[in-house]
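Student: My structure is in my_file-v9.cif, and what it holds is mmCIF, C-alpha atoms:
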```
data_target
loop_
_atom_site.label_atom_id
_atom_site.label_comp_id
_atom_site.auth_asym_id
_atom_site.auth_seq_id
_atom_site.Cartn_x
_atom_site.Cartn_y
_atom_site.Cartn_z
CA MET R 1475 133.04 105.23 135.33
CA VAL R 1476 133.38 101.46 135.13
CA LYS R 1477 132.96 100.59 138.76
CA TYR R 1478 132.45 96.83 138.54
CA PRO R 1479 134.30 95.72 135.41
CA HIS R 1480 133.98 92.03 136.29
CA ARG R 1481 130.24 92.21 136.64
CA ILE R 1482 129.85 94.01 133.33
CA ILE R 1483 132.10 91.60 131.51
CA ARG R 1484 130.21 88.63 132.91
CA LYS R 1485 126.90 90.05 131.76
CA GLN R 1486 128.15 90.46 128.24
CA THR R 1487 129.84 87.09 128.01
CA PRO R 1488 128.24 84.42 130.14
CA THR R 1489 130.79 81.86 128.92
CA VAL R 1490 134.36 81.82 130.20
CA ASN R 1491 136.27 84.89 129.08
CA LYS R 1492 139.85 83.75 128.82
CA GLU R 1493 141.31 87.20 128.28
CA ALA R 1494 139.54 88.74 131.25
CA THR R 1495 140.12 86.04 133.86
CA VAL R 1496 143.35 85.67 135.75
CA ASN R 1497 144.70 82.26 134.85
CA PHE R 1498 146.90 80.50 137.42
CA ALA R 1499 149.55 79.96 134.76
CA ASN R 1500 149.69 83.70 134.11
CA ARG R 1501 150.74 84.05 137.70
CA GLY R 1502 153.56 81.50 137.34
CA MET R 1503 151.70 78.79 139.20
CA SER R 1504 152.02 75.16 138.16
CA PHE R 1505 148.90 73.08 137.58
CA GLU R 1506 149.68 70.96 140.65
CA SER R 1507 150.12 74.03 142.85
CA ALA R 1508 146.87 75.44 141.51
CA ILE R 1509 145.01 72.24 142.46
CA ASN R 1510 146.63 72.20 145.90
CA ALA R 1511 145.65 75.85 146.41
CA THR R 1512 142.10 75.00 145.32
CA ASN R 1513 141.96 72.16 147.86
CA ASP R 1514 143.27 74.48 150.57
CA PHE R 1515 140.49 76.90 149.64
CA TYR R 1516 137.85 74.15 149.81
CA LEU R 1517 139.21 73.00 153.19
CA SER R 1518 139.37 76.47 154.73
CA ARG R 1519 135.82 77.28 153.61
CA LYS R 1520 134.61 73.87 154.84
CA ILE R 1521 133.42 73.01 151.33
CA ALA R 1522 135.32 69.72 151.03
CA VAL R 1523 138.24 67.80 152.53
CA ILE R 1524 140.47 66.72 149.66
CA HIS R 1525 144.19 66.00 149.91
CA LYS R 1526 147.02 65.00 147.63
CA LYS R 1527 148.49 61.68 148.69
CA PRO R 1528 152.18 61.62 149.59
CA THR R 1529 154.57 60.49 146.84
CA PRO R 1530 155.02 56.73 147.21
CA VAL R 1531 158.62 55.99 148.17
CA GLN R 1532 160.31 52.66 148.79
CA ILE R 1533 162.59 53.20 151.77
CA VAL R 1534 165.70 51.01 151.73
CA LYS R 1535 168.05 52.46 154.32
CA VAL R 1536 167.59 54.80 157.26
CA ASP R 1537 170.32 56.25 159.48
CA TYR R 1538 169.56 57.09 163.10
CA PRO R 1539 172.20 59.65 164.05
CA LYS R 1540 172.55 60.44 167.75
CA ARG R 1541 170.87 63.64 168.88
CA SER R 1542 169.29 64.03 165.46
CA ARG R 1543 166.20 62.84 163.65
CA ALA R 1544 166.10 59.75 161.45
CA LYS R 1545 167.59 60.32 158.00
CA ILE R 1546 166.58 58.30 154.96
CA VAL R 1547 169.76 57.70 152.94
CA GLU R 1548 168.52 55.28 150.31
CA ALA R 1549 165.07 55.26 148.80
CA TYR R 1550 163.41 55.01 145.40
CA PHE R 1551 160.28 56.39 143.79
CA ARG R 1552 157.52 53.82 143.40
CA GLN R 1553 154.81 53.92 140.76
CA ALA R 1554 151.49 55.01 142.26
CA SER R 1555 148.87 52.25 142.29
CA THR R 1556 146.03 54.67 142.94
CA THR R 1557 145.28 58.25 141.92
CA ASP R 1558 146.91 61.34 143.41
CA TYR R 1559 143.95 63.06 145.05
CA SER R 1560 141.12 61.83 147.24
CA GLY R 1561 138.73 63.06 149.86
CA VAL R 1562 135.15 63.76 150.81
CA TYR R 1563 132.56 66.24 149.55
CA LYS R 1564 129.11 66.18 151.20
CA GLY R 1565 129.62 62.56 152.22
CA HIS R 1566 130.63 61.51 148.70
CA TYR R 1567 133.99 59.93 148.03
CA ILE R 1568 136.00 62.03 145.56
CA ASP R 1569 138.97 60.56 143.69
CA PHE R 1570 140.96 62.08 140.85
CA GLU R 1571 144.20 62.33 138.96
CA ALA R 1572 145.60 65.47 137.35
CA LYS R 1573 147.62 65.57 134.14
CA GLU R 1574 149.17 68.35 132.12
CA THR R 1575 150.39 68.56 128.55
CA ARG R 1576 151.87 71.18 126.23
CA GLN R 1577 150.26 69.53 123.23
CA LYS R 1578 147.40 71.39 121.59
CA THR R 1579 145.21 68.64 120.18
CA SER R 1580 145.51 65.64 122.46
CA MET R 1581 146.57 64.23 125.86
CA PRO R 1582 149.28 61.55 125.76
CA MET R 1583 147.89 58.30 127.14
CA LYS R 1584 151.26 57.27 128.59
CA ASN R 1585 150.24 59.55 131.47
CA PHE R 1586 147.83 56.86 132.67
CA HIS R 1587 149.08 53.55 134.00
CA ALA R 1588 147.10 50.30 133.93
CA HIS R 1589 147.05 50.22 137.77
CA GLN R 1590 145.46 53.67 137.91
CA ILE R 1591 142.82 52.80 135.32
CA GLU R 1592 141.98 49.67 137.32
CA HIS R 1593 141.78 51.72 140.52
CA MET R 1594 139.38 54.17 138.85
CA ALA R 1595 137.16 51.30 137.70
CA ASN R 1596 137.12 49.93 141.26
CA VAL R 1597 136.16 53.33 142.66
CA LEU R 1598 133.30 53.70 140.17
CA GLU R 1599 132.03 50.25 141.11
CA GLN R 1600 131.81 51.47 144.73
CA ASP R 1601 129.82 54.53 143.58
CA GLY R 1602 132.71 56.89 144.22
CA ILE R 1603 133.01 60.08 142.18
CA CYS R 1604 136.07 59.67 139.99
CA PHE R 1605 137.54 61.82 137.24
CA VAL R 1606 140.68 63.30 135.74
CA LEU R 1607 141.64 66.95 135.51
CA LEU R 1608 143.39 67.61 132.20
CA HIS R 1609 145.32 70.81 131.66
CA PHE R 1610 146.45 71.97 128.23
CA SER R 1611 149.09 74.48 129.20
CA THR R 1612 149.67 75.96 125.73
CA LEU R 1613 145.94 76.46 125.19
CA LYS R 1614 145.41 77.50 128.81
CA GLU R 1615 142.40 75.22 128.95
CA THR R 1616 141.46 72.78 131.71
CA TYR R 1617 138.90 69.98 131.47
CA LEU R 1618 137.26 67.59 133.87
CA LEU R 1619 136.74 64.21 132.20
CA PRO R 1620 134.69 61.61 134.12
CA ALA R 1621 136.71 58.45 134.81
CA ALA R 1622 134.10 56.36 132.98
CA ASP R 1623 134.92 58.19 129.74
CA LEU R 1624 138.67 57.80 130.28
CA ILE R 1625 138.22 54.07 130.91
CA THR R 1626 136.03 53.70 127.82
CA PHE R 1627 138.70 55.35 125.69
CA TYR R 1628 141.48 53.32 127.31
CA GLN R 1629 139.71 50.01 126.72
CA LYS R 1630 138.55 50.80 123.20
CA ASP R 1631 141.72 52.46 121.98
CA LEU R 1632 144.34 50.55 123.91
CA GLY R 1633 146.76 51.04 121.07
CA SER R 1634 146.32 54.81 120.76
CA LYS R 1635 149.09 56.92 122.10
CA SER R 1636 146.91 59.90 122.81
CA MET R 1637 143.35 60.97 123.57
CA PRO R 1638 142.10 63.68 121.18
CA LEU R 1639 141.04 67.00 122.66
CA ASP R 1640 137.84 66.66 120.61
CA TYR R 1641 136.92 63.53 122.60
CA ILE R 1642 137.68 65.34 125.86
CA LYS R 1643 135.55 68.32 124.81
CA LYS R 1644 132.67 66.04 123.82
CA ARG R 1645 132.66 63.90 126.97
CA GLY R 1646 134.16 66.28 129.52
CA PHE R 1647 133.51 69.71 130.99
CA GLU R 1648 135.67 72.80 130.65
CA ILE R 1649 136.69 74.34 133.94
CA GLY R 1650 136.69 78.13 133.81
CA ALA R 1651 139.93 79.67 135.00
CA GLY R 1652 138.78 81.29 138.20
CA ALA R 1653 140.93 83.71 140.08
CA TYR R 1654 139.94 82.01 143.31
CA PRO R 1655 139.79 79.11 143.69
CA GLN R 1656 142.19 78.45 140.83
CA VAL R 1657 140.65 75.21 139.51
CA PRO R 1658 137.01 75.15 140.68
CA TYR R 1659 136.34 71.51 139.77
CA LEU R 1660 133.69 70.97 142.46
CA ASP R 1661 131.37 73.33 140.54
CA ILE R 1662 131.34 70.75 137.74
CA ILE R 1663 130.75 67.89 140.18
CA GLU R 1664 127.90 69.75 141.84
CA LYS R 1665 126.18 70.66 138.57
CA ASN R 1666 126.81 67.57 136.49
CA LEU R 1667 127.79 64.51 138.50
CA LEU R 1668 125.64 64.63 141.63
CA GLY R 1669 122.35 64.30 139.79
CA GLY R 1670 120.97 67.66 140.83
CA GLU R 1671 121.34 66.84 144.53
CA LYS R 1672 122.02 69.87 146.70
CA MET W 1444 131.65 12.98 163.71
CA VAL W 1445 132.03 16.73 164.04
CA LYS W 1446 131.77 17.69 160.42
CA TYR W 1447 131.32 21.45 160.72
CA PRO W 1448 133.14 22.46 163.90
CA HIS W 1449 132.89 26.20 163.14
CA ARG W 1450 129.15 26.09 162.74
CA ILE W 1451 128.69 24.14 166.01
CA ILE W 1452 130.96 26.46 167.97
CA ARG W 1453 129.12 29.50 166.62
CA LYS W 1454 125.77 28.06 167.67
CA GLN W 1455 126.96 27.49 171.21
CA THR W 1456 128.69 30.84 171.60
CA PRO W 1457 127.17 33.61 169.55
CA THR W 1458 129.66 36.12 170.98
CA VAL W 1459 133.29 36.19 169.91
CA ASN W 1460 135.12 33.09 171.09
CA LYS W 1461 138.69 34.20 171.54
CA GLU W 1462 140.10 30.73 172.10
CA ALA W 1463 138.42 29.25 169.06
CA THR W 1464 139.17 31.96 166.51
CA VAL W 1465 142.48 32.32 164.78
CA ASN W 1466 143.80 35.72 165.79
CA PHE W 1467 146.13 37.48 163.33
CA ALA W 1468 148.64 37.98 166.17
CA ASN W 1469 148.73 34.24 166.81
CA ARG W 1470 149.96 33.89 163.27
CA GLY W 1471 152.73 36.40 163.78
CA MET W 1472 151.01 39.13 161.82
CA SER W 1473 151.31 42.77 162.89
CA PHE W 1474 148.18 44.88 163.32
CA GLU W 1475 149.11 46.98 160.29
CA SER W 1476 149.65 43.91 158.11
CA ALA W 1477 146.31 42.52 159.29
CA ILE W 1478 144.53 45.73 158.26
CA ASN W 1479 146.30 45.77 154.91
CA ALA W 1480 145.32 42.13 154.33
CA THR W 1481 141.73 43.01 155.26
CA ASN W 1482 141.75 45.85 152.73
CA ASP W 1483 143.16 43.50 150.08
CA PHE W 1484 140.32 41.11 150.87
CA TYR W 1485 137.72 43.90 150.58
CA LEU W 1486 139.25 45.02 147.28
CA SER W 1487 139.45 41.55 145.73
CA ARG W 1488 135.82 40.77 146.69
CA LYS W 1489 134.72 44.18 145.40
CA ILE W 1490 133.36 45.06 148.86
CA ALA W 1491 135.27 48.34 149.24
CA VAL W 1492 138.28 50.25 147.88
CA ILE W 1493 140.38 51.30 150.87
CA HIS W 1494 144.12 51.99 150.79
CA LYS W 1495 146.84 52.96 153.21
CA LYS W 1496 148.38 56.27 152.23
CA PRO W 1497 152.11 56.31 151.52
CA THR W 1498 154.37 57.40 154.38
CA PRO W 1499 154.89 61.16 154.02
CA VAL W 1500 158.53 61.86 153.25
CA GLN W 1501 160.28 65.16 152.71
CA ILE W 1502 162.70 64.60 149.86
CA VAL W 1503 165.85 66.76 150.06
CA LYS W 1504 168.31 65.26 147.59
CA VAL W 1505 167.97 62.95 144.61
CA ASP W 1506 170.77 61.45 142.54
CA TYR W 1507 170.20 60.64 138.88
CA PRO W 1508 172.85 58.03 138.08
CA LYS W 1509 173.39 57.24 134.39
CA ARG W 1510 171.72 54.06 133.18
CA SER W 1511 169.96 53.67 136.51
CA ARG W 1512 166.80 54.92 138.16
CA ALA W 1513 166.64 58.00 140.37
CA LYS W 1514 167.93 57.42 143.89
CA ILE W 1515 166.79 59.45 146.87
CA VAL W 1516 169.87 60.01 149.04
CA GLU W 1517 168.53 62.45 151.61
CA ALA W 1518 165.01 62.51 152.95
CA TYR W 1519 163.18 62.79 156.27
CA PHE W 1520 159.97 61.45 157.70
CA ARG W 1521 157.23 64.04 157.96
CA GLN W 1522 154.38 63.98 160.46
CA ALA W 1523 151.14 62.91 158.81
CA SER W 1524 148.55 65.69 158.64
CA THR W 1525 145.72 63.30 157.85
CA THR W 1526 144.88 59.73 158.83
CA ASP W 1527 146.55 56.62 157.41
CA TYR W 1528 143.67 54.93 155.64
CA SER W 1529 140.95 56.18 153.33
CA GLY W 1530 138.68 54.97 150.59
CA VAL W 1531 135.15 54.30 149.46
CA TYR W 1532 132.48 51.85 150.58
CA LYS W 1533 129.12 51.93 148.78
CA GLY W 1534 129.70 55.55 147.79
CA HIS W 1535 130.55 56.60 151.36
CA TYR W 1536 133.89 58.14 152.18
CA ILE W 1537 135.76 56.02 154.74
CA ASP W 1538 138.65 57.46 156.76
CA PHE W 1539 140.49 55.94 159.68
CA GLU W 1540 143.63 55.67 161.74
CA ALA W 1541 144.93 52.49 163.41
CA LYS W 1542 146.79 52.39 166.72
CA GLU W 1543 148.22 49.59 168.78
CA THR W 1544 149.28 49.37 172.43
CA ARG W 1545 150.61 46.72 174.80
CA GLN W 1546 148.87 48.38 177.71
CA LYS W 1547 145.92 46.54 179.21
CA THR W 1548 143.70 49.31 180.53
CA SER W 1549 144.12 52.32 178.25
CA MET W 1550 145.34 53.72 174.92
CA PRO W 1551 148.08 56.39 175.16
CA MET W 1552 146.79 59.65 173.71
CA LYS W 1553 150.24 60.65 172.42
CA ASN W 1554 149.32 58.38 169.50
CA PHE W 1555 147.00 61.09 168.20
CA HIS W 1556 148.34 64.40 166.91
CA ALA W 1557 146.38 67.64 166.90
CA HIS W 1558 146.52 67.73 163.07
CA GLN W 1559 144.91 64.31 162.84
CA ILE W 1560 142.16 65.19 165.30
CA GLU W 1561 141.44 68.31 163.27
CA HIS W 1562 141.38 66.27 160.05
CA MET W 1563 138.87 63.85 161.60
CA ALA W 1564 136.62 66.74 162.67
CA ASN W 1565 136.77 68.12 159.10
CA VAL W 1566 135.84 64.73 157.65
CA LEU W 1567 132.86 64.38 160.00
CA GLU W 1568 131.69 67.84 159.00
CA GLN W 1569 131.61 66.62 155.37
CA ASP W 1570 129.55 63.57 156.42
CA GLY W 1571 132.44 61.19 155.94
CA ILE W 1572 132.61 57.99 157.99
CA CYS W 1573 135.58 58.40 160.30
CA PHE W 1574 136.89 56.23 163.13
CA VAL W 1575 139.96 54.72 164.78
CA LEU W 1576 140.87 51.05 165.05
CA LEU W 1577 142.46 50.39 168.43
CA HIS W 1578 144.33 47.17 169.05
CA PHE W 1579 145.30 46.00 172.54
CA SER W 1580 147.96 43.44 171.70
CA THR W 1581 148.37 41.96 175.19
CA LEU W 1582 144.61 41.49 175.54
CA LYS W 1583 144.23 40.45 171.90
CA GLU W 1584 141.26 42.78 171.61
CA THR W 1585 140.45 45.23 168.82
CA TYR W 1586 137.91 48.05 168.94
CA LEU W 1587 136.40 50.46 166.48
CA LEU W 1588 135.84 53.84 168.12
CA PRO W 1589 133.90 56.46 166.11
CA ALA W 1590 135.99 59.61 165.53
CA ALA W 1591 133.29 61.72 167.23
CA ASP W 1592 133.96 59.87 170.50
CA LEU W 1593 137.72 60.22 170.14
CA ILE W 1594 137.35 63.96 169.49
CA THR W 1595 135.01 64.35 172.48
CA PHE W 1596 137.56 62.67 174.72
CA TYR W 1597 140.42 64.69 173.24
CA GLN W 1598 138.66 68.01 173.74
CA LYS W 1599 137.34 67.25 177.21
CA ASP W 1600 140.44 65.56 178.58
CA LEU W 1601 143.15 67.43 176.76
CA GLY W 1602 145.43 66.92 179.74
CA SER W 1603 144.93 63.16 180.02
CA LYS W 1604 147.76 61.02 178.81
CA SER W 1605 145.59 58.06 178.00
CA MET W 1606 142.07 57.02 177.07
CA PRO W 1607 140.67 54.31 179.39
CA LEU W 1608 139.66 50.99 177.86
CA ASP W 1609 136.37 51.37 179.74
CA TYR W 1610 135.57 54.51 177.73
CA ILE W 1611 136.47 52.70 174.50
CA LYS W 1612 134.27 49.72 175.43
CA LYS W 1613 131.36 52.02 176.29
CA ARG W 1614 131.53 54.18 173.14
CA GLY W 1615 133.12 51.78 170.70
CA PHE W 1616 132.51 48.36 169.17
CA GLU W 1617 134.63 45.26 169.61
CA ILE W 1618 135.78 43.70 166.36
CA GLY W 1619 135.76 39.90 166.48
CA ALA W 1620 139.04 38.32 165.45
CA GLY W 1621 138.04 36.73 162.19
CA ALA W 1622 140.22 34.27 160.39
CA TYR W 1623 139.43 36.01 157.12
CA PRO W 1624 139.32 38.91 156.76
CA GLN W 1625 141.55 39.52 159.75
CA VAL W 1626 140.00 42.79 160.99
CA PRO W 1627 136.43 42.90 159.63
CA TYR W 1628 135.74 46.52 160.53
CA LEU W 1629 133.23 47.10 157.73
CA ASP W 1630 130.79 44.76 159.52
CA ILE W 1631 130.65 47.32 162.32
CA ILE W 1632 130.20 50.19 159.86
CA GLU W 1633 127.42 48.37 158.05
CA LYS W 1634 125.53 47.48 161.24
CA ASN W 1635 126.09 50.57 163.35
CA LEU W 1636 127.21 53.60 161.40
CA LEU W 1637 125.21 53.50 158.17
CA GLY W 1638 121.82 53.86 159.84
CA GLY W 1639 120.45 50.50 158.74
CA GLU W 1640 121.05 51.32 155.07
CA LYS W 1641 121.82 48.27 152.95
#
```
For this file, write the structure as structure tokens.

Tutor:
Amino acid sequence: MVKYPHRIIRKQTPTVNKEATVNFANRGMSFESAINATNDFYLSRKIAVIHKKPTPVQIVKVDYPKRSRAKIVEAYFRQASTTDYSGVYKGHYIDFEAKETRQKTSMPMKNFHAHQIEHMANVLEQDGICFVLLHFSTLKETYLLPAADLITFYQKDLGSKSMPLDYIKKRGFEIGAGAYPQVPYLDIIEKNLLGGEK
Amino acid sequence: MVKYPHRIIRKQTPTVNKEATVNFANRGMSFESAINATNDFYLSRKIAVIHKKPTPVQIVKVDYPKRSRAKIVEAYFRQASTTDYSGVYKGHYIDFEAKETRQKTSMPMKNFHAHQIEHMANVLEQDGICFVLLHFSTLKETYLLPAADLITFYQKDLGSKSMPLDYIKKRGFEIGAGAYPQVPYLDIIEKNLLGGEK
């Protein structure tokens, strides 16, 4: 007669129960899709307005066929000079980058370019809320690491090829794998980065 | 013996002196370039971090030639679902769209898509600072119109093909043509939209 299995499980284990929750990866969803779905959820519930920026492309040649729309026939990918996601939550500027790795003990630092680190520092200086979402796909664990901690690591350990998971665990926050929304990162922002403001 | 001509002119005419100031158009600069240069100025002086989003492109086919970088060989322009510019100023989320017309008495409303109007309404609901920069190239006049006033006009006059300059002058703020930065829109935000906050 277990009528509300979720409620019972949550009472017994107040921390995240990885076996019981439905992880987005279990449902064949990529980390990027899971973040996009989360942002769609936030938008539809009027919780926040956060979008992924379009992929930066350098357009070289465009054809304008008659009776047909313009066709780009030569273009190249450009390196992003900012982060991938930005938007607004209760008036606050939100800015983040998302990275994924299959490694189990660290996040490769080659994922972060100098331009992006500089952009994050600029955002922090303007009192924006800036962070990275780090997904360890093999472990099925996702963390929110404040940009300040990423920058500290980057500046101190410029030579290191990867950021240890231990450092991320110590400075960051684990994001429970929610069924819906898939990556509820705003819970962390609300509880830990807005200074108790409601 | 006019040693400080700018200071003397400003004393005599506290309002914008269109003849005396160097307009970006006089220097062959497009409105978009002028806004980008303004954002570069704000970034370099650590006043704000505001970027133009990349043009949204739907990528259909990519070639991966050997010993050469990936080449996009078929892609199409997509309609933007948000506005063109966004960023952070003193912690506040800033979001705007820029439009230009050669007309002298009104701004064509076909410049604004339903998706963009909806995005602006969403941003306002999250307490973001949202507006449009409207440039009348023949008149050499530029206005900042708060998004709330654009939305009001859009909803009330859904049938109208254009928004009268009179309406823009009444609800908006003229932006003086500064030599540097070229389109100093944050002055208007600071004075009029931040509620006297410093």

Student: Give me the residues of chain R that have any atom at most 7 Å from an atom of chain W; for each, the nearest atom pair and the distance in Å, rounded to one decimal. Use only C-alpha atoms, sort by chain and number, and format it as JSON lines.

Tutor:
```
{"residue": "R:Ala1522", "atom": "CA", "partner": "W:Gln1569", "partner_atom": "CA", "distance": 6.5}
{"residue": "R:Val1523", "atom": "CA", "partner": "W:Val1566", "partner_atom": "CA", "distance": 6.4}
{"residue": "R:Lys1527", "atom": "CA", "partner": "W:Lys1496", "partner_atom": "CA", "distance": 6.5}
{"residue": "R:Pro1528", "atom": "CA", "partner": "W:Pro1499", "partner_atom": "CA", "distance": 5.2}
{"residue": "R:Thr1529", "atom": "CA", "partner": "W:Pro1497", "partner_atom": "CA", "distance": 6.7}
{"residue": "R:Pro1530", "atom": "CA", "partner": "W:Pro1497", "partner_atom": "CA", "distance": 5.2}
{"residue": "R:Ala1544", "atom": "CA", "partner": "W:Tyr1519", "partner_atom": "CA", "distance": 6.7}
{"residue": "R:Lys1545", "atom": "CA", "partner": "W:Tyr1519", "partner_atom": "CA", "distance": 5.3}
{"residue": "R:Ile1546", "atom": "CA", "partner": "W:Ala1518", "partner_atom": "CA", "distance": 4.9}
{"residue": "R:Val1547", "atom": "CA", "partner": "W:Val1516", "partner_atom": "CA", "distance": 4.5}
{"residue": "R:Glu1548", "atom": "CA", "partner": "W:Val1516", "partner_atom": "CA", "distance": 5.1}
{"residue": "R:Ala1549", "atom": "CA", "partner": "W:Ile1515", "partner_atom": "CA", "distance": 4.9}
{"residue": "R:Tyr1550", "atom": "CA", "partner": "W:Lys1514", "partner_atom": "CA", "distance": 5.3}
{"residue": "R:Val1562", "atom": "CA", "partner": "W:Tyr1536", "partner_atom": "CA", "distance": 5.9}
{"residue": "R:Tyr1563", "atom": "CA", "partner": "W:Gln1569", "partner_atom": "CA", "distance": 5.9}
{"residue": "R:Lys1564", "atom": "CA", "partner": "W:Gln1569", "partner_atom": "CA", "distance": 4.9}
{"residue": "R:Gly1565", "atom": "CA", "partner": "W:Asp1570", "partner_atom": "CA", "distance": 4.3}
{"residue": "R:His1566", "atom": "CA", "partner": "W:His1535", "partner_atom": "CA", "distance": 5.6}
{"residue": "R:Tyr1567", "atom": "CA", "partner": "W:Tyr1536", "partner_atom": "CA", "distance": 4.5}
{"residue": "R:Asn1596", "atom": "CA", "partner": "W:Val1492", "partner_atom": "CA", "distance": 6.7}
{"residue": "R:Val1597", "atom": "CA", "partner": "W:Val1492", "partner_atom": "CA", "distance": 6.4}
{"residue": "R:Gln1600", "atom": "CA", "partner": "W:Lys1533", "partner_atom": "CA", "distance": 4.9}
{"residue": "R:Asp1601", "atom": "CA", "partner": "W:Gly1534", "partner_atom": "CA", "distance": 4.3}
{"residue": "R:Gly1602", "atom": "CA", "partner": "W:Gly1534", "partner_atom": "CA", "distance": 4.9}
```

Student: Dump as a PDB file with C-alpha atoms, in the coordinates of the input all residues having an atom at most 12 Å from (141.4, 66.6, 166.8), computed in the file's coordinates with all atoms listed in the file.

Tutor:
```pdb
ATOM      1  CA  SER W1524     148.550  65.690 158.640  1.00  0.00           C
ATOM      2  CA  THR W1525     145.720  63.300 157.850  1.00  0.00           C
ATOM      3  CA  THR W1526     144.880  59.730 158.830  1.00  0.00           C
ATOM      4  CA  MET W1552     146.790  59.650 173.710  1.00  0.00           C
ATOM      5  CA  ASN W1554     149.320  58.380 169.500  1.00  0.00           C
ATOM      6  CA  PHE W1555     147.000  61.090 168.200  1.00  0.00           C
ATOM      7  CA  HIS W1556     148.340  64.400 166.910  1.00  0.00           C
ATOM      8  CA  ALA W1557     146.380  67.640 166.900  1.00  0.00           C
ATOM      9  CA  HIS W1558     146.520  67.730 163.070  1.00  0.00           C
ATOM     10  CA  GLN W1559     144.910  64.310 162.840  1.00  0.00           C
ATOM     11  CA  ILE W1560     142.160  65.190 165.300  1.00  0.00           C
ATOM     12  CA  GLU W1561     141.440  68.310 163.270  1.00  0.00           C
ATOM     13  CA  HIS W1562     141.380  66.270 160.050  1.00  0.00           C
ATOM     14  CA  MET W1563     138.870  63.850 161.600  1.00  0.00           C
ATOM     15  CA  ALA W1564     136.620  66.740 162.670  1.00  0.00           C
ATOM     16  CA  ASN W1565     136.770  68.120 159.100  1.00  0.00           C
ATOM     17  CA  VAL W1566     135.840  64.730 157.650  1.00  0.00           C
ATOM     18  CA  LEU W1567     132.860  64.380 160.000  1.00  0.00           C
ATOM     19  CA  CYS W1573     135.580  58.400 160.300  1.00  0.00           C
ATOM     20  CA  PHE W1574     136.890  56.230 163.130  1.00  0.00           C
ATOM     21  CA  ALA W1590     135.990  59.610 165.530  1.00  0.00           C
ATOM     22  CA  ALA W1591     133.290  61.720 167.230  1.00  0.00           C
ATOM     23  CA  ASP W1592     133.960  59.870 170.500  1.00  0.00           C
ATOM     24  CA  LEU W1593     137.720  60.220 170.140  1.00  0.00           C
ATOM     25  CA  ILE W1594     137.350  63.960 169.490  1.00  0.00           C
ATOM     26  CA  THR W1595     135.010  64.350 172.480  1.00  0.00           C
ATOM     27  CA  PHE W1596     137.560  62.670 174.720  1.00  0.00           C
ATOM     28  CA  TYR W1597     140.420  64.690 173.240  1.00  0.00           C
ATOM     29  CA  GLN W1598     138.660  68.010 173.740  1.00  0.00           C
ATOM     30  CA  LYS W1599     137.340  67.250 177.210  1.00  0.00           C
ATOM     31  CA  ASP W1600     140.440  65.560 178.580  1.00  0.00           C
ATOM     32  CA  LEU W1601     143.150  67.430 176.760  1.00  0.00           C
TER      33      LEU W1601
END
```

Student: Which residue gives the smallest distance to R:Leu1613 among R:Thr1579, R:Ala1572, R:Gly1650, R:Phe1505, with all atoms listed in the file counted?

Tutor: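 Nearest to R:Leu1613: R:Thr1579.
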
Student: Atom CA of R:Leu1619 and atom CA of R:Lys1643, how far apart in Å?

Tutor: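 Pair atom CA of R:Lys1643 / atom CA of R:Leu1619 returns 8.5 Å.
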
Student: Report, as AutoDock Vina command-line options, the axis-aligned box around all atoms of stretch 1624-1629 of chain W present in the file, extended by 8 Å on each side; give centre and edge lengths in Å to one decimal place.

Tutor:
```
--center_x 137.4 --center_y 43.0 --center_z 158.9 --size_x 24.3 --size_y 24.2 --size_z 20.2
```

Student: If the PyMOL selection byres ((chain W and resi 1545) around 9) is run on the structure shown, which residues does it catch, given as a PyMOL selection string?

Tutor: chain W and resi 1543-1544+1546-1547+1550+1578-1582

Student: Can you work out the spacing between atom CA of W:Lys1583 and atom CA of W:Tyr1628 in Å, to one decimal?

Tutor: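 Taking atom CA of W:Lys1583 and atom CA of W:Tyr1628, their separation equals 15.4 Å.
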
Student: Take atom CA of W:Glu1584 and atom CA of W:Met1606 and report the distance between them in Å, one decimal.

Tutor: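 Going from atom CA of W:Glu1584 over to atom CA of W:Met1606 covers 15.3 Å.
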
Student: So which one's closest to R:Ile1642, R:Met1503, R:Leu1607, R:Leu1660, R:Leu1667? Using all atoms listed in the file, please.

Tutor: R:Leu1607

Student: In terms of the shortest atom-to-atom distance over all atoms listed in the file, which of W:Val1626, W:Pro1508, W:Tyr1528, W:Lys1553 is closest to W:Ala1480?

Tutor: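 Using all atoms listed in the file, the shortest distance to W:Ala1480 belongs to W:Val1626.
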